[in-house]
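Notes for the one structure printed next.
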Amino acid sequence: MKFPGHRRHKHYFPVEDKDPLINHLNAEDRLKRNYICGIDQIVVDIEAKVDQAFLDEFHLQRGMSQVIDNDVTNALYERLKRDDMIDYEFAGGTIGNTMHNYSVLADDRSVLLGVMSESIEIGSYAYKFLCNTSSRVDLDHLQPVAGPIGRCFTLIDDSGERTFAISAGLMNYLKPESISQSLIENASALVISAYLMRTKGDETMTKATMQAVEYANQAGVPVVLTLGTKFLIEQDPQWWAEFVEKHVDILAMNEEEGEAITGFDDPLMAADKALDWVDLVICTAGPTGLYMAGYVEDEMKRETEYPLLPGAIPEFNRYEFSRAMRKSHCNKPVRVYSHTAPYMGGPDTIKNTNGAGDCALAAVLHDLSANVYHRLNVPNSAKHEQAAITYSSLAQISKYANRASFEVLVQHSPRLSRGLPEREDSLEQSYWDQ
């Protein structure tokens with residue numbers, strides 16, 4: 001486990017840095033390992049520049065996410081290939097991206113559940129997915145299927161508007177019996193997306209996801225939900241609110257999805273409302289930055305050293321130096337909030353917004369997992385006198401998530417190709433020390 005950020009205080013790991021003359025490592029001293037688990041519709045992202053005439057030709061609604069059948073998929077792909085319109089082809093999927101980025105940032109194991117074509121040819125969609133996924137992502141638990149995985153076409157017009165055309169293939173046929181109960185129960189977190197609930201007919205993905213959620217809820221494993229798209233949430237916001245309240249512990253969303261599920265267009269108020277249902281909220285708000293909201297025991301709250309910020313909740317970041325806790329673990333819970341502006345003010349040129357939110361979530365998961373890892377290996381540390389679910393404060397996690405998402409915004413791929421640099425040429429050391 002590579003710990004997030006730069007640490008120079010007494011709690012800094014790694015526990016393996018021991019004096020060999022005093023501490024002789026033996027079999028019992030081996031570090032205990034943990035992992036996070038995610039379920040996704042295994043898909044390859046194909047990005048291309050198109051015009052309105054192209055969208056009309058294939059009956060696609062501009063700016064919408066829509067499912068297309070195999071005949072349209074094949075015709076669309078052939079047209080893009082014939083006219084040399086494809087810019088990039090990447091392994092994709094909301095949770096697939098998150099698991100990959102988590103493993104790159106943490107340099108540690110994650111487990112991805114879903115389906116994979118049992119017969120893979122070089123150059124095929126399935127082959128490209130495997131080639132572009134970190135070797136730290138455990139794919140051994142994928143369910144084999146006799147057919148193609150999903151394909152997602154991201155079609156960008158001259159104005160920058162993105163239209164998504166999704167060919168499901170067999171990506172929604174993960175079976176409940178393919179979900180290992182022990183795998184879920186021993187995970188540090190279970191990560192799912194709202195897309196997994198968009199199934200129909202004989203597709204089994206939703207049943208498999210609910211089976212995994214049930215295992216996680218029973219074992220007390222945090223369930224992390226990323227909302228994915230406002231269009232899906234808008235169809236039945238009441239159902240989603242009830243689902244989140246009953247099954248979810250950590251909610252990730254952007255400001256549009258936050259408005260769809262809470263009714264508040266202010267991301268701070270949307271995050272505050274979501275705290276009625278969950279223990280921790282991450283809300284990305286584009287050029288405005290990133291908001292986080294959570295709970296802390298009254299006696300454990302820590303005041304910020306940064307300027308207090310105005311907002312719908314006055315001076316809302318007063319206790320942002322607190323580490324988040326489950327509300328149920330607090331005798332006197334206090335709501336805490338944090339906000340961080342985009343790293344370096346945001347990139348000069350945004351090459352891609354696909355996956356930026358997934359990368360921010362991966363950074364948050366890295367911090368949660370680091371806390372579990374530290375507790376497993378140094379259980380008597382003063383760090384764990386507080387029953388926190390995060391290793392760092394909300395302010396530090398928000399800063400880290402913004403920094404990670406910046407890397408995606410300045411590249412075309414939604415997936416990180418390397419971890420963050422050890423030293424930031426553009427930042428003073430004090431950025432991470434605070």
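Chains: A, B, ... in order of the structure tokens. Residues: from 1 per chain. Ligands: from 1, in order shown.
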
At a cut-off of 8 Å, can you tabulate as a tab-separated table every residue of region 124-207 of chain A near region 55-76 of chain A together with its closest atom pair and the distance in Å to one decimal, using only C-alpha atoms and ordering rows by chain then number?
residue	atom	partner	partner_atom	distance
A:Glu161	CA	A:Gly63	CA	6.0
A:Arg162	CA	A:Gly63	CA	5.3
A:Thr163	CA	A:Gly63	CA	4.4
A:Phe164	CA	A:Ser65	CA	4.5
A:Ala165	CA	A:Gln66	CA	5.2
A:Ile166	CA	A:Val67	CA	4.6
A:Ser167	CA	A:Ile68	CA	5.2
A:Ala168	CA	A:Val67	CA	7.1
A:Gly169	CA	A:Asn70	CA	7.3

Pick out the residues sitting within 6 Å of Ser322 (chain A), and hand them over as a list in words; count only C-alpha atoms, and ignore anything fewer than 5 positions along from it in its own chain.
-> Lys301, Arg302 and Ser393 of chain A

Secondary structure check, alpha helix (DSSP H) residues of region 239-361 of chain A, as a PyMOL selection string | chain A and resi 239-247+255-262+267-274+356-361

Select from region 313-339 of chain A every residue with an atom at most 12 Å from any atom of region 365-377 of chain A, then for each give the shortest pair of atoms and their distance in Å to one decimal, using only C-alpha atoms, rows by chain and rising number, as CSV.
residue,atom,partner,partner_atom,distance
A:Arg323,CA,A:Leu368,CA,10.5
A:Ala324,CA,A:Leu368,CA,9.8
A:Met325,CA,A:Leu368,CA,10.9

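Minimum atom-to-atom distance to Leu190 (chain A), evaluated using only C-alpha atoms, belongs to A:Gly38 out of A:Gly311, A:Gly220, A:Gly38, A:Gly357.
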
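Going from CA of Glu89 (chain A) over to CA of Lys128 (chain A), you cover 8.1 Å.
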
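Residues with any atom within 9 Å of Leu309 (chain A), counting only C-alpha atoms and excluding same-chain neighbours fewer than 5 positions away, are Pro314, Glu315, Phe316, Asn317, Arg318 and His339 of chain A.
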
Can those selected residues be exported to a file as a PDB file, in the first residue's frame so that it contains C-alpha atoms?
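What follows is the written file out-v6.pdb:
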ATOM      1  CA  PRO A 314     -21.990  29.812   6.710  1.00  0.00           C
ATOM      2  CA  GLU A 315     -18.363  28.952   7.521  1.00  0.00           C
ATOM      3  CA  PHE A 316     -19.127  25.383   6.469  1.00  0.00           C
ATOM      4  CA  ASN A 317     -15.474  24.281   6.409  1.00  0.00           C
ATOM      5  CA  ARG A 318     -14.786  25.092  10.060  1.00  0.00           C
ATOM      6  CA  HIS A 339     -14.229  22.350  -0.298  1.00  0.00           C
TER       7      HIS A 339
END

Selection near Met210 (chain A), 10 Å with only C-alpha atoms, sequence-local residues under 5 positions removed, as a count of residues only | 8

Give the answer as one residue: which of A:Thr94, A:Ser417, A:Ser110, A:Thr206 has the shortest atom-to-atom distance to Thr229 (chain A), using only C-alpha atoms?
-> A:Thr94

So which one's closest to Lys399 (chain A), A:Val296, A:Thr304, A:Pro342, A:Leu112? Using only C-alpha atoms, please.
-> A:Pro342
